[in-house]
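To be precise, the following lines are model.cif, and they hold mmCIF, C-alpha atoms (C1' of nucleotides).
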data_run
loop_
_atom_site.label_atom_id
_atom_site.label_comp_id
_atom_site.auth_asym_id
_atom_site.auth_seq_id
_atom_site.Cartn_x
_atom_site.Cartn_y
_atom_site.Cartn_z
CA MET A 12 9.35 -66.40 -48.68
CA SER A 13 10.94 -69.26 -46.78
CA VAL A 14 7.76 -71.32 -46.45
CA PRO A 15 8.71 -74.86 -47.59
CA LEU A 16 7.07 -75.74 -50.91
CA SER A 17 5.32 -78.80 -49.42
CA GLU A 18 3.75 -76.65 -46.71
CA ALA A 19 2.71 -74.00 -49.22
CA GLU A 20 1.01 -76.64 -51.39
CA ARG A 21 -0.73 -78.08 -48.35
CA ARG A 22 -2.08 -74.62 -47.46
CA ILE A 23 -3.42 -74.00 -50.96
CA SER A 24 -5.22 -77.33 -50.82
CA VAL A 25 -6.68 -76.53 -47.38
CA PHE A 26 -7.84 -73.12 -48.64
CA SER A 27 -9.50 -74.61 -51.72
CA GLN A 28 -11.31 -77.28 -49.75
CA ALA A 29 -12.47 -74.83 -47.08
CA LEU A 30 -13.85 -72.43 -49.69
CA ARG A 31 -15.74 -75.22 -51.45
CA ARG A 32 -17.01 -76.75 -48.22
CA SER A 33 -18.45 -73.41 -47.11
CA GLY A 34 -20.31 -72.90 -50.39
CA LEU A 35 -18.05 -70.11 -51.64
CA ARG A 36 -16.90 -70.25 -55.25
CA LEU A 37 -13.31 -71.16 -55.99
CA THR A 38 -12.50 -68.35 -58.37
CA HIS A 39 -9.26 -67.73 -60.22
CA GLN A 40 -8.67 -64.62 -58.08
CA ARG A 41 -9.26 -66.37 -54.75
CA LEU A 42 -6.98 -69.23 -55.72
CA GLU A 43 -4.20 -66.83 -56.64
CA VAL A 44 -4.59 -64.87 -53.40
CA ALA A 45 -4.38 -68.18 -51.53
CA ARG A 46 -1.27 -69.10 -53.52
CA GLU A 47 0.30 -65.77 -52.64
CA LEU A 48 -0.40 -66.17 -48.92
CA ALA A 49 0.71 -69.78 -48.84
CA GLY A 50 4.27 -68.95 -49.79
CA ASP A 51 4.70 -65.80 -47.71
CA ASP A 52 5.48 -65.79 -44.00
CA THR A 53 6.29 -62.08 -43.75
CA HIS A 54 2.74 -61.23 -42.65
CA PRO A 55 1.98 -59.11 -45.72
CA ASP A 56 -0.64 -56.38 -45.89
CA VAL A 57 -3.34 -56.20 -48.58
CA GLU A 58 -1.26 -53.96 -50.83
CA LYS A 59 1.65 -56.42 -50.79
CA ILE A 60 -0.60 -59.39 -51.55
CA TYR A 61 -2.22 -57.37 -54.34
CA GLU A 62 1.15 -56.60 -55.92
CA GLY A 63 2.18 -60.24 -55.76
CA VAL A 64 -1.01 -61.56 -57.30
CA ARG A 65 -1.04 -58.85 -59.96
CA ARG A 66 2.15 -60.25 -61.46
CA ARG A 67 0.15 -63.37 -62.35
CA VAL A 68 -3.34 -61.86 -62.71
CA PRO A 69 -2.83 -58.29 -63.94
CA THR A 70 -6.56 -57.50 -63.98
CA ILE A 71 -7.24 -58.28 -60.31
CA SER A 72 -8.46 -55.32 -58.26
CA LEU A 73 -7.47 -54.20 -54.80
CA ASP A 74 -11.02 -54.52 -53.49
CA THR A 75 -11.18 -58.16 -54.54
CA VAL A 76 -8.10 -58.79 -52.43
CA TYR A 77 -9.77 -56.98 -49.51
CA ARG A 78 -12.91 -59.06 -49.94
CA THR A 79 -10.98 -62.30 -50.27
CA MET A 80 -9.00 -61.58 -47.10
CA GLY A 81 -12.26 -60.84 -45.31
CA ALA A 82 -13.63 -64.21 -46.40
CA LEU A 83 -10.48 -66.09 -45.37
CA VAL A 84 -10.52 -64.44 -41.94
CA GLU A 85 -14.21 -65.30 -41.58
CA LEU A 86 -13.42 -68.95 -42.36
CA GLY A 87 -10.65 -68.92 -39.77
CA LEU A 88 -7.98 -69.71 -42.38
CA VAL A 89 -6.12 -66.47 -41.84
CA ASP A 90 -5.59 -64.18 -38.85
CA ARG A 91 -5.44 -60.44 -38.84
CA VAL A 92 -2.27 -59.32 -37.07
CA ASN A 93 -2.74 -55.98 -35.36
CA ALA A 94 0.74 -55.52 -34.01
CA THR A 95 1.90 -52.48 -35.92
CA PRO A 96 0.45 -49.12 -36.92
CA GLY A 97 -0.51 -48.72 -40.58
CA PRO A 98 -2.24 -51.29 -42.75
CA THR A 99 -3.58 -54.54 -41.29
CA ARG A 100 -1.29 -57.49 -41.80
CA TYR A 101 -2.29 -61.09 -42.33
CA ASP A 102 -1.02 -64.38 -40.98
CA ALA A 103 -1.69 -67.61 -42.88
CA ASN A 104 0.37 -69.83 -40.60
CA PRO A 105 -2.03 -72.37 -39.03
CA THR A 106 0.60 -73.79 -36.65
CA ARG A 107 0.54 -72.50 -33.09
CA HIS A 108 3.06 -69.73 -32.78
CA HIS A 109 3.87 -66.31 -31.34
CA HIS A 110 5.38 -63.14 -32.77
CA PHE A 111 8.55 -61.13 -32.60
CA VAL A 112 7.67 -57.57 -33.66
CA CYS A 113 10.20 -54.89 -34.57
CA THR A 114 8.78 -51.58 -33.38
CA ARG A 115 11.06 -49.70 -35.73
CA CYS A 116 10.47 -51.27 -39.16
CA GLY A 117 7.38 -53.39 -38.53
CA LEU A 118 9.06 -56.74 -39.19
CA ILE A 119 7.03 -59.64 -37.78
CA ARG A 120 8.67 -63.05 -37.38
CA ASP A 121 6.97 -66.23 -36.20
CA VAL A 122 8.28 -67.66 -32.94
CA TYR A 123 7.78 -71.32 -32.07
CA SER A 124 8.22 -72.14 -28.42
CA GLY A 125 6.85 -74.81 -26.15
CA ASP A 126 7.42 -72.51 -23.17
CA LEU A 127 5.29 -69.76 -24.70
CA ASP A 128 2.62 -72.26 -25.76
CA GLY A 129 2.45 -73.37 -22.15
CA VAL A 130 1.52 -69.95 -20.74
CA ARG A 131 -1.45 -70.46 -18.39
CA VAL A 132 -4.47 -68.17 -18.33
CA PRO A 133 -4.67 -66.46 -14.90
CA ASP A 134 -7.81 -67.24 -12.86
CA GLU A 135 -8.49 -63.51 -12.60
CA THR A 136 -9.50 -63.38 -16.28
CA HIS A 137 -12.39 -65.82 -15.94
CA ALA A 138 -14.54 -62.98 -14.60
CA MET A 139 -13.69 -60.95 -17.71
CA GLY A 140 -14.78 -63.57 -20.22
CA THR A 141 -13.81 -66.73 -22.06
CA VAL A 142 -10.25 -66.85 -23.36
CA GLU A 143 -9.96 -68.53 -26.75
CA SER A 144 -6.30 -67.95 -27.54
CA VAL A 145 -3.15 -66.81 -25.84
CA LYS A 146 -0.65 -64.93 -27.96
CA VAL A 147 2.70 -63.68 -26.76
CA GLN A 148 4.13 -60.63 -28.46
CA LEU A 149 7.86 -60.06 -28.15
CA ARG A 150 8.41 -56.41 -29.01
CA GLY A 151 11.83 -54.96 -29.69
CA ILE A 152 14.34 -53.97 -32.35
CA CYS A 153 15.27 -56.43 -35.08
CA ALA A 154 18.88 -57.29 -35.92
CA GLU A 155 18.73 -55.38 -39.22
CA CYS A 156 17.49 -52.17 -37.56
CA SER A 157 20.09 -52.48 -34.77
CA ARG A 158 22.81 -52.72 -37.39
CA LYS A 159 21.52 -49.68 -39.25
CA MET A 160 21.32 -47.64 -36.05
CA ARG A 161 24.89 -48.55 -35.09
CA THR A 162 26.15 -47.59 -38.54
CA ARG A 163 24.55 -44.17 -38.72
CA HIS A 164 24.93 -42.89 -35.16
CA MET B 14 -13.17 -45.02 -15.34
CA SER B 15 -12.15 -46.99 -12.27
CA VAL B 16 -8.63 -45.56 -12.05
CA PRO B 17 -8.19 -44.52 -8.38
CA LEU B 18 -8.07 -40.75 -7.98
CA SER B 19 -4.65 -40.85 -6.32
CA GLU B 20 -3.22 -42.80 -9.28
CA ALA B 21 -4.86 -40.44 -11.78
CA GLU B 22 -3.32 -37.43 -10.03
CA ARG B 23 0.06 -39.13 -9.97
CA ARG B 24 -0.17 -39.72 -13.72
CA ILE B 25 -1.07 -36.11 -14.48
CA SER B 26 1.92 -34.97 -12.46
CA VAL B 27 4.23 -37.42 -14.26
CA PHE B 28 2.91 -36.23 -17.64
CA SER B 29 3.42 -32.56 -16.76
CA GLN B 30 6.95 -33.12 -15.55
CA ALA B 31 7.89 -35.26 -18.55
CA LEU B 32 6.60 -32.65 -21.00
CA ARG B 33 8.53 -29.88 -19.26
CA ARG B 34 11.68 -31.94 -18.91
CA SER B 35 11.68 -32.67 -22.65
CA GLY B 36 11.33 -29.01 -23.58
CA LEU B 37 7.74 -29.29 -24.77
CA ARG B 38 5.27 -26.64 -23.68
CA LEU B 39 2.69 -27.48 -21.09
CA THR B 40 -0.36 -26.11 -22.85
CA HIS B 41 -3.92 -26.08 -21.63
CA GLN B 42 -4.88 -28.64 -24.30
CA ARG B 43 -2.06 -31.06 -23.47
CA LEU B 44 -2.85 -30.89 -19.78
CA GLU B 45 -6.51 -31.66 -20.43
CA VAL B 46 -5.64 -34.59 -22.72
CA ALA B 47 -3.38 -35.90 -19.96
CA ARG B 48 -6.17 -35.45 -17.43
CA GLU B 49 -8.54 -37.38 -19.69
CA LEU B 50 -6.10 -40.27 -20.11
CA ALA B 51 -5.19 -40.38 -16.45
CA GLY B 52 -8.69 -41.33 -15.38
CA ASP B 53 -9.56 -43.74 -18.16
CA ASP B 54 -8.44 -47.37 -18.24
CA THR B 55 -10.70 -48.44 -21.13
CA HIS B 56 -7.92 -47.88 -23.69
CA PRO B 57 -9.77 -45.11 -25.53
CA ASP B 58 -9.18 -44.10 -29.14
CA VAL B 59 -8.49 -40.53 -30.23
CA GLU B 60 -12.16 -39.80 -30.94
CA LYS B 61 -13.15 -40.85 -27.43
CA ILE B 62 -10.40 -38.77 -25.81
CA TYR B 63 -11.43 -35.83 -28.00
CA GLU B 64 -15.06 -36.10 -26.88
CA GLY B 65 -14.03 -36.25 -23.24
CA VAL B 66 -11.72 -33.25 -23.42
CA ARG B 67 -14.20 -31.26 -25.48
CA ARG B 68 -16.60 -31.21 -22.56
CA ARG B 69 -14.05 -29.10 -20.69
CA VAL B 70 -12.30 -27.38 -23.64
CA PRO B 71 -14.96 -26.99 -26.34
CA THR B 72 -12.56 -25.34 -28.79
CA ILE B 73 -9.97 -28.14 -28.88
CA SER B 74 -9.52 -29.74 -32.30
CA LEU B 75 -9.20 -33.41 -33.20
CA ASP B 76 -5.79 -32.90 -34.79
CA THR B 77 -4.43 -31.42 -31.58
CA VAL B 78 -5.45 -34.61 -29.78
CA TYR B 79 -3.70 -36.65 -32.50
CA ARG B 80 -0.57 -34.54 -32.15
CA THR B 81 -0.64 -34.73 -28.37
CA MET B 82 -1.00 -38.50 -28.43
CA GLY B 83 1.91 -38.69 -30.85
CA ALA B 84 4.04 -36.67 -28.43
CA LEU B 85 3.04 -38.77 -25.42
CA VAL B 86 3.86 -41.99 -27.29
CA GLU B 87 7.20 -40.51 -28.34
CA LEU B 88 7.99 -39.71 -24.70
CA GLY B 89 7.09 -43.27 -23.71
CA LEU B 90 4.26 -42.09 -21.43
CA VAL B 91 1.58 -43.84 -23.43
CA ASP B 92 1.48 -47.01 -25.52
CA ARG B 93 -0.41 -47.58 -28.72
CA VAL B 94 -2.49 -50.73 -28.40
CA ASN B 95 -2.92 -52.45 -31.75
CA ALA B 96 -5.15 -55.29 -30.68
CA THR B 97 -8.35 -54.51 -32.53
CA PRO B 98 -9.30 -53.42 -36.03
CA GLY B 99 -10.45 -49.81 -36.38
CA PRO B 100 -8.93 -46.78 -34.71
CA THR B 101 -5.72 -47.05 -32.68
CA ARG B 102 -6.27 -47.27 -28.95
CA TYR B 103 -4.07 -45.87 -26.24
CA ASP B 104 -2.85 -47.21 -22.93
CA ALA B 105 -1.68 -44.82 -20.21
CA ASN B 106 -1.13 -47.49 -17.57
CA PRO B 107 2.59 -47.43 -16.68
CA THR B 108 2.39 -50.54 -14.47
CA ARG B 109 3.49 -53.80 -16.04
CA HIS B 110 0.42 -55.61 -17.31
CA HIS B 111 -1.14 -57.67 -20.08
CA HIS B 112 -4.43 -57.52 -21.98
CA PHE B 113 -7.67 -59.39 -22.23
CA VAL B 114 -9.19 -58.50 -25.62
CA CYS B 115 -12.76 -59.23 -26.66
CA THR B 116 -12.72 -60.04 -30.37
CA ARG B 117 -16.42 -59.27 -30.63
CA CYS B 118 -16.82 -55.79 -29.12
CA GLY B 119 -13.21 -54.64 -28.82
CA LEU B 120 -13.19 -54.40 -25.02
CA ILE B 121 -9.65 -54.34 -23.64
CA ARG B 122 -9.07 -55.01 -19.95
CA ASP B 123 -5.76 -54.86 -18.11
CA VAL B 124 -4.56 -58.13 -16.63
CA TYR B 125 -2.06 -58.19 -13.77
CA SER B 126 -0.31 -61.49 -13.28
CA GLY B 127 3.02 -62.53 -11.85
CA ASP B 128 2.91 -65.69 -13.96
CA LEU B 129 2.51 -63.72 -17.19
CA ASP B 130 5.18 -61.22 -16.12
CA GLY B 131 7.52 -64.17 -15.65
CA VAL B 132 7.28 -65.40 -19.25
CA ARG B 133 10.83 -66.02 -20.48
CA VAL B 134 12.06 -64.93 -23.91
CA PRO B 135 13.04 -68.04 -25.93
CA ASP B 136 16.71 -68.25 -26.95
CA GLU B 137 15.63 -68.64 -30.56
CA THR B 138 14.58 -64.96 -30.70
CA HIS B 139 18.05 -63.59 -29.94
CA ALA B 140 18.96 -64.10 -33.58
CA MET B 141 15.93 -62.04 -34.60
CA GLY B 142 16.78 -59.01 -32.49
CA THR B 143 16.63 -57.44 -29.05
CA VAL B 144 13.41 -57.98 -27.12
CA GLU B 145 12.38 -54.94 -25.10
CA SER B 146 9.00 -56.04 -23.82
CA VAL B 147 6.90 -59.17 -23.56
CA LYS B 148 3.15 -58.70 -23.80
CA VAL B 149 0.61 -61.47 -23.47
CA GLN B 150 -2.67 -61.04 -25.26
CA LEU B 151 -5.60 -63.12 -24.04
CA ARG B 152 -8.14 -63.08 -26.86
CA GLY B 153 -11.70 -64.26 -26.43
CA ILE B 154 -15.28 -63.21 -25.77
CA CYS B 155 -16.08 -60.93 -22.84
CA ALA B 156 -18.78 -61.76 -20.29
CA GLU B 157 -21.09 -59.04 -21.62
CA CYS B 158 -20.91 -60.34 -25.21
CA SER B 159 -21.41 -63.95 -24.04
CA ARG B 160 -24.54 -62.89 -22.20
CA LYS B 161 -25.89 -61.04 -25.25
CA MET B 162 -25.20 -64.03 -27.51
CA ARG B 163 -27.01 -66.42 -25.14
CA THR B 164 -30.02 -64.10 -24.92
CA ARG B 165 -30.52 -63.62 -28.63
CA HIS B 166 -29.78 -67.08 -30.05
"C1'" DG C 13 -29.31 -70.70 -66.36
"C1'" DT C 14 -28.67 -68.89 -61.75
"C1'" DT C 15 -26.32 -66.78 -58.50
"C1'" DA C 16 -22.23 -65.27 -56.47
"C1'" DC C 17 -18.03 -62.74 -57.61
"C1'" DT C 18 -15.40 -59.17 -59.85
"C1'" DG C 19 -13.87 -54.60 -61.31
"C1'" DC C 20 -14.89 -49.95 -61.34
"C1'" DA C 21 -15.96 -45.84 -59.07
"C1'" DA C 22 -17.23 -43.45 -55.29
"C1'" DA C 23 -17.68 -43.02 -50.44
"C1'" DC C 24 -16.17 -43.56 -45.86
"C1'" DT C 25 -12.99 -43.77 -41.87
"C1'" DT C 26 -8.77 -42.79 -39.76
"C1'" DT C 27 -4.70 -40.10 -39.69
"C1'" DT C 28 -1.41 -36.56 -41.38
"C1'" DT C 29 0.07 -32.09 -43.06
"C1'" DG C 30 0.58 -26.84 -44.47
"C1'" DC C 31 -0.43 -22.54 -43.03
"C1'" DA C 32 -1.54 -18.32 -40.41
"C1'" DC C 33 -2.81 -16.85 -35.90
"C1'" DG C 34 -2.38 -17.15 -30.89
"C1'" DA C 35 -0.26 -18.56 -26.48
"C1'" DC C 36 3.57 -20.38 -23.65
"C1'" DA C 37 8.23 -19.67 -21.75
"C1'" DT D 6 9.44 -11.34 -27.92
"C1'" DG D 7 10.52 -15.45 -30.23
"C1'" DT D 8 9.11 -19.79 -31.09
"C1'" DC D 9 6.23 -23.64 -30.54
"C1'" DG D 10 1.51 -25.21 -30.60
"C1'" DT D 11 -3.22 -24.76 -32.13
"C1'" DG D 12 -7.22 -24.70 -35.18
"C1'" DC D 13 -8.74 -24.81 -39.69
"C1'" DA D 14 -8.91 -26.89 -44.03
"C1'" DA D 15 -7.38 -29.99 -47.20
"C1'" DA D 16 -5.11 -34.16 -48.35
"C1'" DA D 17 -3.41 -38.72 -47.67
"C1'" DA D 18 -3.83 -43.49 -46.30
"C1'" DG D 19 -6.55 -47.46 -45.60
"C1'" DT D 20 -10.89 -49.77 -46.19
"C1'" DT D 21 -15.74 -50.49 -47.53
"C1'" DT D 22 -19.75 -50.41 -50.58
"C1'" DG D 23 -23.27 -50.10 -54.76
"C1'" DC D 24 -23.76 -51.40 -59.19
"C1'" DA D 25 -23.62 -53.62 -63.74
"C1'" DG D 26 -21.28 -57.05 -66.21
"C1'" DT D 27 -18.85 -61.79 -65.90
"C1'" DA D 28 -17.74 -66.28 -64.51
"C1'" DA D 29 -18.40 -70.38 -61.45
"C1'" DC D 30 -21.34 -74.09 -60.43
#

The structure given in the file should be rewritten as structure tokens.
Amino acid sequence: MSVPLSEAERRISVFSQALRRSGLRLTHQRLEVARELAGDDTHPDVEKIYEGVRRRVPTISLDTVYRTMGALVELGLVDRVNATPGPTRYDANPTRHHHFVCTRCGLIRDVYSGDLDGVRVPDETHAMGTVESVKVQLRGICAECSRKMRTRH
Amino acid sequence: MSVPLSEAERRISVFSQALRRSGLRLTHQRLEVARELAGDDTHPDVEKIYEGVRRRVPTISLDTVYRTMGALVELGLVDRVNATPGPTRYDANPTRHHHFVCTRCGLIRDVYSGDLDGVRVPDETHAMGTVESVKVQLRGICAECSRKMRTRH
DNA sequence: GTTACTGCAAACTTTTTGCACGACA
DNA sequence: TGTCGTGCAAAAAGTTTGCAGTAAC
């Protein structure tokens, strides 16, 4: 949803090459999971990915989707997004970005911002460990939920 | 763990008042859960809180802890921290802060930083919805895990 | 032809819920 | 005393795992 076709195709190709390069087999199921992720920027959970793939591969099982997601995370191709309660959601966007999270409906939208990318790690944290990534989470209520709340109350 | 006693006492008092003010009953169990949270800044999960309280109230049940945490979140006294896979962790620190998260062991440490507090919400996000809080997550490997990795490999 | 992957089923972990008894206000 | 909260048990939700057959290389 709303990932440009060229970008989606590029992602599928990256996925395929990364699987092959790491010695994993490029199965029909894995390719279709990759295809599903490549075109979806709504940060879907496993169930949603499963439903999407099942339209094209009706025999795929939920546990294969779980295992495929595990492999893609392991390879660093996909991130787990733990921003909401409930099922784990996945992020296949390799471009540096941050997240707007609706605390009401669980919507997660990618936010691109040079300012946010520029956030500096405080010196204080060096004693805690090595920082590998800085992610800004903007939590609030999405426009759709605001509208619904205004209408009902 | 490492919450000053004065701050812990202040938190217990805030919890008690908030429960009363909202018409909820101040039960023995709720008070002991509050006491447990007040002195713990490790962002414990329900199981950990349960174990702690059980030392003082051996008859408390796990589902009461779940229900109490739900109530405290509802009242805005506690935040759910969804930064790690596995059980939901809770944050009873009312002071503005951010998180260092170890992706290896799940350690979460509070980070206080004027720079991070000053992060501005990009204009772009106004179309997405209303931002209520900005949280920076510093993900990496904690000192303890780094040490263990160096020793073994 | 091997070996890794899949689908099935069952188990496991985390969280929620219905109900009857007990405790707070 | 009335009602809300608790503990128990069971169920629901989300995820992982063992195994035998199947498909990728």

Exercise for the section: For DA25 (chain D), work out the shell of residues within 12 Å, counting all atoms listed in the file and skipping chain neighbours fewer than 6 positions away, then give it as a list in words. Expected result: DT18, DG19, DC20 and DA21 of chain C

Could you write those residues out with C-alpha atoms (C1' of nucleotides), as a PDB file, keeping the file's coordinate frame?
ATOM      1  C1'  DT C  18     -15.400 -59.170 -59.850  1.00  0.00           C
ATOM      2  C1'  DG C  19     -13.870 -54.600 -61.310  1.00  0.00           C
ATOM      3  C1'  DC C  20     -14.890 -49.950 -61.340  1.00  0.00           C
ATOM      4  C1'  DA C  21     -15.960 -45.840 -59.070  1.00  0.00           C
TER       5       DA C  21
END

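Near chain C, within 8 Å and counting all atoms listed in the file, the residues of chain B are Arg38, Leu39, Thr40, Gly99 and Pro100 of chain B.
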
For this file, the PyMOL selection byres ((chain B) within 9 of (chain D)) selects which residues, as an mmCIF file with C-alpha atoms, keeping the file's coordinate frame?
data_model
loop_
_atom_site.group_PDB
_atom_site.id
_atom_site.type_symbol
_atom_site.label_atom_id
_atom_site.label_comp_id
_atom_site.auth_asym_id
_atom_site.auth_seq_id
_atom_site.Cartn_x
_atom_site.Cartn_y
_atom_site.Cartn_z
ATOM 1 C CA LEU B 37 7.740 -29.290 -24.770
ATOM 2 C CA ARG B 38 5.270 -26.640 -23.680
ATOM 3 C CA THR B 40 -0.360 -26.110 -22.850
ATOM 4 C CA GLN B 42 -4.880 -28.640 -24.300
ATOM 5 C CA THR B 72 -12.560 -25.340 -28.790
ATOM 6 C CA ILE B 73 -9.970 -28.140 -28.880
ATOM 7 C CA SER B 74 -9.520 -29.740 -32.300
ATOM 8 C CA ASP B 76 -5.790 -32.900 -34.790
ATOM 9 C CA THR B 77 -4.430 -31.420 -31.580
#

Return as a Markdown table the residues of chain A lying at most 8 Å from chain B, together with the closest atom-to-atom pair for each and the distance in Å to one decimal, counting all atoms listed in the file, with rows in chain order and ascending residue number.
| residue | atom | partner | partner_atom | distance |
| --- | --- | --- | --- | --- |
| A:Asn93 | CA | B:Asn95 | CA | 5.1 |
| A:Ala94 | CA | B:Asn95 | CA | 5.3 |
| A:Thr95 | CA | B:Asn95 | CA | 6.4 |
| A:Pro96 | CA | B:Asn95 | CA | 7.0 |
| A:Thr99 | CA | B:Pro98 | CA | 7.9 |
| A:Phe111 | CA | B:Thr138 | CA | 7.4 |
| A:Arg120 | CA | B:Met141 | CA | 7.8 |
| A:Val122 | CA | B:Thr138 | CA | 7.2 |
| A:Ser124 | CA | B:Pro135 | CA | 6.8 |
| A:Asp126 | CA | B:Pro135 | CA | 7.7 |
| A:Leu127 | CA | B:Val132 | CA | 7.3 |
| A:Val130 | CA | B:Leu129 | CA | 7.2 |
| A:Arg131 | CA | B:Asp128 | CA | 7.8 |
| A:Val132 | CA | B:Leu151 | CA | 7.7 |
| A:Pro133 | CA | B:Ser126 | CA | 6.8 |
| A:Glu135 | CA | B:Val124 | CA | 7.8 |
| A:Thr136 | CA | B:Val124 | CA | 7.2 |
| A:Ala138 | CA | B:Ala156 | CA | 7.2 |
| A:Met139 | CA | B:Cys155 | CA | 5.7 |
| A:Gly140 | CA | B:Cys155 | CA | 3.9 |
| A:Thr141 | CA | B:Ile154 | CA | 5.3 |
| A:Val142 | CA | B:Gly153 | CA | 4.3 |
| A:Glu143 | CA | B:Gly153 | CA | 4.6 |
| A:Ser144 | CA | B:Arg152 | CA | 5.3 |
| A:Val145 | CA | B:Leu151 | CA | 4.8 |
| A:Lys146 | CA | B:Gln150 | CA | 5.1 |
| A:Val147 | CA | B:Val149 | CA | 4.5 |
| A:Gln148 | CA | B:Lys148 | CA | 5.1 |
| A:Leu149 | CA | B:Val147 | CA | 4.8 |
| A:Arg150 | CA | B:Ser146 | CA | 5.2 |
| A:Gly151 | CA | B:Val144 | CA | 4.3 |
| A:Ile152 | CA | B:Thr143 | CA | 5.3 |
| A:Cys153 | CA | B:Gly142 | CA | 4.0 |
| A:Ala154 | CA | B:Gly142 | CA | 4.4 |
| A:Glu155 | CA | B:Gly142 | CA | 7.9 |
| A:Ser157 | CA | B:Gly142 | CA | 7.7 |

With the PyMOL selection byres ((chain B and resi 47-56) around 6) as the selection, what would be picked from this file? Answer as a PDB file with C-alpha atoms, in the frame of the given file, please.
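And here's out-v3.pdb as it stands now:
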ATOM      1  CA  MET B  14     -13.170 -45.020 -15.340  1.00  0.00           C
ATOM      2  CA  VAL B  16      -8.630 -45.560 -12.050  1.00  0.00           C
ATOM      3  CA  ALA B  21      -4.860 -40.440 -11.780  1.00  0.00           C
ATOM      4  CA  ARG B  24      -0.170 -39.720 -13.720  1.00  0.00           C
ATOM      5  CA  ILE B  25      -1.070 -36.110 -14.480  1.00  0.00           C
ATOM      6  CA  LEU B  44      -2.850 -30.890 -19.780  1.00  0.00           C
ATOM      7  CA  GLU B  45      -6.510 -31.660 -20.430  1.00  0.00           C
ATOM      8  CA  VAL B  46      -5.640 -34.590 -22.720  1.00  0.00           C
ATOM      9  CA  PRO B  57      -9.770 -45.110 -25.530  1.00  0.00           C
ATOM     10  CA  ARG B 102      -6.270 -47.270 -28.950  1.00  0.00           C
ATOM     11  CA  TYR B 103      -4.070 -45.870 -26.240  1.00  0.00           C
ATOM     12  CA  ASP B 104      -2.850 -47.210 -22.930  1.00  0.00           C
TER      13      ASP B 104
END

Practice task
On this file, the PyMOL selection byres ((chain A and resi 82) around 12) gives some set of residues; write that set as an MDAnalysis selection string.
Solution key: chainID A and resid 26 29:30 33:37 41 44:45 75:81 83:91

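The gap separating CA of Leu73 (chain A) from CA of Lys59 (chain A) is 10.2 Å, in Å to one decimal.
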
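In this model, the gap between CA of His108 (chain A) and CA of Tyr61 (chain A) comes to 25.4 Å.
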
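Picture a line from CA of Arg66 (chain A) to CA of Pro105 (chain A); it runs 25.8 Å.
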